[in-house]
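Enquirer: Contents are mmCIF, C-alpha atoms; file name input_22.cif:
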data_model
#
loop_
_atom_site.label_atom_id
_atom_site.label_comp_id
_atom_site.auth_asym_id
_atom_site.auth_seq_id
_atom_site.Cartn_x
_atom_site.Cartn_y
_atom_site.Cartn_z
CA MET A 1 25.67 12.09 -6.41
CA SER A 2 23.43 14.72 -7.97
CA GLY A 3 20.37 14.37 -10.16
CA ARG A 4 17.77 11.61 -9.97
CA LEU A 5 18.16 7.99 -8.94
CA ALA A 6 16.12 5.04 -10.15
CA ASP A 7 16.02 1.38 -9.24
CA THR A 8 16.70 -1.00 -12.12
CA PRO A 9 15.25 -4.47 -12.84
CA GLU A 10 17.70 -7.36 -12.62
CA GLU A 11 17.31 -11.10 -12.16
CA TRP A 12 20.10 -13.42 -11.04
CA PRO A 13 19.96 -17.08 -12.17
CA VAL A 14 18.02 -19.53 -10.00
CA SER A 15 19.16 -23.15 -10.15
CA SER A 16 16.09 -24.53 -8.35
CA SER A 17 12.97 -23.32 -6.58
CA THR A 18 10.56 -24.89 -4.09
CA VAL A 19 7.41 -23.70 -2.30
CA PRO A 20 7.48 -25.23 1.20
CA PHE A 21 4.38 -23.38 2.35
CA THR A 22 1.27 -21.96 0.70
CA GLY A 23 -1.21 -20.09 2.85
CA HIS A 24 -4.61 -18.52 2.27
CA LYS A 25 -3.19 -15.23 1.00
CA THR A 26 0.58 -15.61 0.84
CA GLY A 27 3.23 -18.32 0.66
CA VAL A 28 6.93 -19.00 1.15
CA ARG A 29 9.36 -19.75 -1.68
CA THR A 30 12.94 -20.99 -1.44
CA ASP A 31 15.18 -20.16 -4.40
CA GLN A 32 18.72 -21.39 -4.90
CA VAL A 33 20.29 -18.24 -6.29
CA VAL A 34 23.54 -18.21 -8.25
CA MET A 35 25.74 -15.45 -6.81
CA PRO A 36 28.24 -13.30 -8.74
CA ASP A 37 31.13 -15.41 -7.37
CA GLY A 38 29.55 -18.57 -8.83
CA GLY A 39 28.34 -19.95 -5.51
CA THR A 40 24.71 -20.91 -4.90
CA HIS A 41 22.84 -19.89 -1.77
CA GLY A 42 19.23 -20.38 -0.64
CA ARG A 43 16.97 -17.40 -0.20
CA ASP A 44 13.60 -17.76 1.54
CA TYR A 45 10.96 -15.11 0.95
CA GLN A 46 7.25 -14.49 1.25
CA THR A 47 5.30 -14.57 -2.00
CA HIS A 48 2.56 -11.96 -2.12
CA PRO A 49 -0.06 -10.96 -4.73
CA GLY A 50 0.53 -7.25 -4.17
CA SER A 51 -1.54 -4.56 -2.48
CA VAL A 52 -3.02 -1.13 -2.90
CA ALA A 53 -3.48 1.62 -0.33
CA VAL A 54 -5.37 4.91 -0.44
CA LEU A 55 -4.48 8.21 1.15
CA ALA A 56 -7.88 9.87 0.99
CA LEU A 57 -7.61 13.61 1.65
CA ASP A 58 -10.76 15.62 2.30
CA GLY A 59 -11.40 19.31 1.62
CA ASP A 60 -10.36 20.25 5.18
CA GLY A 61 -6.89 18.70 4.84
CA ARG A 62 -7.79 15.60 6.85
CA VAL A 63 -6.79 12.05 5.98
CA VAL A 64 -9.12 9.06 6.28
CA VAL A 65 -7.45 6.53 8.60
CA LEU A 66 -8.44 3.25 10.19
CA ARG A 67 -7.37 1.70 13.49
CA GLN A 68 -7.06 -2.07 13.28
CA TYR A 69 -5.57 -4.92 15.31
CA ARG A 70 -2.51 -6.56 13.72
CA HIS A 71 -1.74 -9.86 15.39
CA PRO A 72 1.88 -10.42 14.23
CA VAL A 73 3.03 -7.22 15.98
CA ARG A 74 0.45 -7.34 18.81
CA HIS A 75 -0.62 -3.76 18.20
CA ARG A 76 -3.68 -1.85 17.14
CA LEU A 77 -2.32 0.36 14.37
CA TRP A 78 -3.55 3.45 12.57
CA GLU A 79 -3.46 2.69 8.83
CA LEU A 80 -4.64 3.84 5.42
CA PRO A 81 -7.48 1.95 3.71
CA ALA A 82 -5.74 -0.88 1.88
CA GLY A 83 -6.19 -4.35 0.50
CA LEU A 84 -4.81 -7.17 -1.57
CA LEU A 85 -4.83 -7.46 -5.34
CA ASP A 86 -7.00 -10.55 -5.10
CA VAL A 87 -7.48 -11.06 -8.83
CA PRO A 88 -4.37 -11.66 -10.99
CA GLY A 89 -3.89 -8.75 -13.37
CA GLU A 90 -6.53 -6.66 -11.57
CA ASN A 91 -6.41 -2.94 -12.32
CA PRO A 92 -4.95 -1.42 -9.15
CA LEU A 93 -7.10 1.70 -9.40
CA HIS A 94 -10.25 -0.40 -9.39
CA ALA A 95 -8.94 -2.33 -6.38
CA ALA A 96 -8.16 0.91 -4.55
CA GLN A 97 -11.62 2.31 -5.24
CA ARG A 98 -13.14 -0.91 -3.92
CA GLU A 99 -11.06 -0.81 -0.72
CA LEU A 100 -11.94 2.83 -0.04
CA TYR A 101 -15.61 1.96 -0.42
CA GLU A 102 -15.49 -1.20 1.67
CA GLU A 103 -13.34 0.11 4.53
CA ALA A 104 -14.42 3.75 4.73
CA HIS A 105 -17.66 3.94 2.69
CA VAL A 106 -16.14 6.84 0.77
CA LYS A 107 -15.73 7.58 -2.93
CA ALA A 108 -13.37 10.05 -4.62
CA GLU A 109 -13.47 11.96 -7.90
CA ASP A 110 -9.75 12.72 -8.28
CA TRP A 111 -7.16 9.93 -8.20
CA ARG A 112 -3.36 10.08 -8.54
CA VAL A 113 -0.51 7.66 -7.91
CA LEU A 114 1.25 8.91 -4.79
CA THR A 115 4.08 6.36 -4.75
CA ASP A 116 5.03 2.71 -5.37
CA VAL A 117 7.04 0.62 -2.92
CA TYR A 118 8.36 -2.84 -2.12
CA THR A 119 7.47 -3.19 1.56
CA SER A 120 10.28 -5.55 2.62
CA PRO A 121 12.41 -6.50 -0.41
CA GLY A 122 14.86 -8.57 1.61
CA GLY A 123 12.16 -11.01 2.67
CA SER A 124 9.05 -10.53 0.53
CA ASP A 125 8.09 -9.75 -3.07
CA GLU A 126 5.11 -7.65 -1.93
CA ALA A 127 4.63 -4.52 -4.04
CA VAL A 128 2.23 -1.77 -2.96
CA ARG A 129 0.83 1.11 -4.97
CA VAL A 130 -0.29 4.04 -2.80
CA PHE A 131 -2.92 6.31 -4.33
CA LEU A 132 -3.89 9.85 -3.44
CA ALA A 133 -7.67 10.28 -3.55
CA ARG A 134 -9.32 13.72 -3.36
CA GLN A 135 -12.75 15.30 -3.79
CA LEU A 136 -14.30 12.88 -1.34
CA SER A 137 -17.96 12.17 -0.72
CA ALA A 138 -20.01 9.51 0.99
CA ALA A 139 -20.53 6.33 -1.03
CA GLU A 140 -24.04 5.31 -2.00
CA GLY A 141 -25.72 2.15 -0.83
CA GLU A 142 -25.31 0.02 2.26
CA ARG A 143 -22.04 -0.19 4.13
CA TYR A 144 -19.86 -3.22 3.51
CA GLU A 145 -20.14 -5.84 6.25
CA ALA A 146 -16.84 -5.96 8.14
CA LEU A 147 -15.58 -9.33 9.40
CA GLU A 148 -12.70 -10.76 11.48
CA GLU A 149 -10.09 -8.10 12.41
CA GLU A 150 -12.14 -5.47 10.63
CA ALA A 151 -15.24 -6.09 12.75
CA ASP A 152 -14.24 -3.52 15.39
CA MET A 153 -12.19 -1.26 13.13
CA GLU A 154 -12.20 2.41 14.12
CA LEU A 155 -12.56 5.09 11.45
CA ALA A 156 -11.35 8.68 11.76
CA ARG A 157 -10.34 11.75 9.78
CA VAL A 158 -7.09 13.24 11.05
CA PRO A 159 -5.25 16.40 9.92
CA LEU A 160 -2.22 15.59 7.79
CA ASP A 161 0.18 17.52 10.04
CA VAL A 162 -0.94 15.47 13.05
CA LEU A 163 -0.06 12.26 11.19
CA VAL A 164 3.31 13.64 10.07
CA ARG A 165 4.18 14.54 13.66
CA GLY A 166 3.08 11.10 14.84
CA VAL A 167 5.30 9.36 12.30
CA LEU A 168 8.36 11.46 13.15
CA ALA A 169 7.76 10.99 16.88
CA GLY A 170 7.73 7.20 16.50
CA GLU A 171 4.11 6.99 17.60
CA LEU A 172 2.63 5.76 14.30
CA HIS A 173 4.29 2.60 13.01
CA ASN A 174 2.47 1.34 9.93
CA GLY A 175 4.95 1.64 7.07
CA ILE A 176 2.44 2.42 4.33
CA LEU A 177 0.80 5.11 6.46
CA ALA A 178 4.22 6.66 7.14
CA LEU A 179 5.22 6.53 3.49
CA GLY A 180 1.94 8.00 2.32
CA VAL A 181 1.70 10.94 4.70
CA LEU A 182 5.36 11.90 4.28
CA ALA A 183 5.10 11.66 0.48
CA LEU A 184 1.99 13.82 0.46
CA HIS A 185 3.62 16.31 2.82
CA ALA A 186 6.54 16.57 0.39
CA ALA A 187 4.17 17.08 -2.55
CA LEU A 188 2.17 19.77 -0.74
CA THR A 189 5.27 21.68 0.35
CA GLY A 190 6.71 21.74 -3.15
CA GLU A 191 9.06 18.83 -3.70
CA PRO A 192 11.97 19.62 -6.06
CA GLY A 193 10.80 19.73 -9.66
CA GLY A 194 7.12 19.37 -8.80
CA THR A 195 4.12 21.66 -8.54
CA GLY A 196 2.19 19.88 -5.80
CA PRO A 197 -0.27 16.98 -5.96
CA ASP A 198 -1.33 17.85 -9.51
CA SER A 199 2.19 16.91 -10.66
CA LEU A 200 1.80 13.34 -9.41
CA ARG A 201 1.48 10.48 -11.88
CA PRO A 202 -1.97 9.73 -13.29
CA ALA A 203 -4.02 7.02 -11.63
CA GLN A 204 -3.51 4.60 -14.54
CA ALA A 205 0.28 5.04 -14.70
CA PRO A 206 2.21 1.85 -15.59
CA TRP A 207 3.29 -0.32 -12.66
CA PRO A 208 6.05 -2.75 -13.74
CA ALA A 209 5.98 -4.55 -10.39
CA ARG A 210 2.36 -5.63 -11.00
CA PRO A 211 1.51 -5.15 -14.69
CA TYR A 212 -2.16 -4.84 -15.59
CA PRO A 213 -4.19 -4.32 -18.77
CA ALA A 214 -4.73 -0.68 -19.74
#
Kindly return the structure encoded in the file as C-alpha cells.
Expert:
Amino acid sequence: MSGRLADTPEEWPVSSSTVPFTGHKTGVRTDQVVMPDGGTHGRDYQTHPGSVAVLALDGDGRVVVLRQYRHPVRHRLWELPAGLLDVPGENPLHAAQRELYEEAHVKAEDWRVLTDVYTSPGGSDEAVRVFLARQLSAAEGERYEALEEEADMELARVPLDVLVRGVLAGELHNGILALGVLALHAALTGEPGGTGPDSLRPAQAPWPARPYPA
C-alpha cells in the first residue's frame, strides 16, 4: 500500500459498563462489547486522564532526560519529562510547560507537536501528546519540590544520537522516550514530505483523543 495511512475513529456498541476499581490517578472499566458477529464479550481496560511528554532539545543537540524508579517494572528508567493531564479539558501545551518546569526547571521558547500516541490501546485508553521544545533556558524562581519517586530523580542532557543508539540496542525501554527520540531523528534527517522540525504541527494543533478549548 502506497501513500499515507491514518487511524479512524470507530465505536462498537456497549451493552453494559461497570467500574470495578477506581484508584488515585487511574481506574479499571469493564465493558460488554457487541462484536460484529452479534456476540457480546467483556473487555477490561485501564481508564486514564491522558498525559503529556516533552522532548526538550538544547542548542548543542542534547535532550533533557530524567532517570526515575518505576515500581511496576522494577527498573530505574531514563525518560522524558512528562505528567498527567490532571485537570479535565486542560490545554496540553500548558501542562507540558508545567512539567518541563517542575521536573527539569527549564523553559522553552519554541514548541511543536512531535507526535500523538495511544500507549497501550489493547488495555488502556491512555493518550499521550509528545511535544518538541527548543530554545531552552533556565526557569526563573525556586525549583519545584520533588516528592515520592521523584525525590531522587537524576537529571541529564544526553546527545540525541546516544539515545537513538540506546533505544535500538534495547538498553532504553521507556516507550515514550523511544517514540520521541526516533520521531525527532526522523524529522532531523528529512522524513518523506517534511522539511525538518519546522514542518511539525504547531503546539496548539487539535488533539481529538483529548479535546481542549482553543
Enquirer: In Å, how far is it from atom CA of Ser199 of chain A to atom CA of Asp110 of chain A?
Expert: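 Here the two named atoms are 12.9 Å from each other.
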Enquirer: Evaluate the PyMOL selection byres ((chain A and resi 87) around 12) against this structure - the residues, as a ChimeraX atom specification, please.
Expert: /A:25,49-51,83-86,88-92,94-95,210,212
Enquirer: Would you pick out the contacts of segment 67-73 of chain A at 6 Å or less, using only C-alpha atoms, so that residues sharing its chain but fewer than 3 positions from it are not included, and give the list as a list in words?
Expert: Arg76, Leu77, Trp78, Met153 and Glu154 of chain A
Enquirer: List, as a ChimeraX atom specification, every residue that the PyMOL selection byres ((chain A and resi 179) around 10) selects in the file provided.
Expert: /A:114-117,130,164,167,174-178,180-185
Enquirer: Would you work out the distance separating atom CA of Trp207 of chain A from atom CA of Gly190 of chain A, expressed in Å to one decimal?
Expert: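 Separating atom CA of Trp207 of chain A from atom CA of Gly190 of chain A is a distance of 24.3 Å.
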Enquirer: On this structure, the PyMOL selection byres ((chain A and resi 82) around 8) would catch which residues? List them as a tab-separated table (two decimals) with C-alpha atoms, keeping the file's coordinate frame, sorted by chain and number.
Expert:
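What landed in expr-v6.tsv:
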chain	number	residue	atom	x	y	z
A	51	SER	CA	-1.54	-4.56	-2.48
A	52	VAL	CA	-3.02	-1.13	-2.90
A	53	ALA	CA	-3.48	1.62	-0.33
A	54	VAL	CA	-5.37	4.91	-0.44
A	80	LEU	CA	-4.64	3.84	5.42
A	81	PRO	CA	-7.48	1.95	3.71
A	83	GLY	CA	-6.19	-4.35	0.50
A	84	LEU	CA	-4.81	-7.17	-1.57
A	96	ALA	CA	-8.16	0.91	-4.55
A	99	GLU	CA	-11.06	-0.81	-0.72
A	100	LEU	CA	-11.94	2.83	-0.04
Enquirer: Which of these, A:Gly170, A:Ala214, A:Gly123, A:Arg112, has the shortest distance to Thr30 of chain A once you count only C-alpha atoms?
Expert: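 The answer is A:Gly123, which sits nearest to Thr30 of chain A.
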Enquirer: Measure the distance from atom CA of Val28 of chain A to atom CA of Asp44 of chain A in Å and round it to one decimal.
Expert: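 Computing the Euclidean distance for atom CA of Val28 of chain A and atom CA of Asp44 of chain A yields 6.8 Å.
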Enquirer: Find, counting only C-alpha atoms, the residue in A:Leu55, A:Phe21, A:Gln97, A:Asp198 that gets nearest to Leu132 of chain A.
Expert: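 With only C-alpha atoms as the atom set, the closest residue is A:Leu55.
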Enquirer: Between A:Glu109, A:Glu11, A:Asp58, A:Asp161, which has the minimum distance to Pro36 of chain A (counting all atoms listed in the file)?
Expert: A:Glu11
Enquirer: Using all atoms listed in the file and a cutoff of 7 Å, can you tell me which residues are near (-15.5, 12.6, 0.2) in the file's coordinates, and write them out as a list of chain:residue names?
Expert: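 Output of the proximity query reads A:Asp58, A:Val106, A:Lys107, A:Ala108, A:Gln135, A:Leu136, A:Ser137, A:Ala138.
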Enquirer: Would you mind telling me which residue in A:Gly42, A:Gly122, A:His48, A:Leu155 lies nearest to Val63 of chain A when using only C-alpha atoms?
Expert: A:Leu155
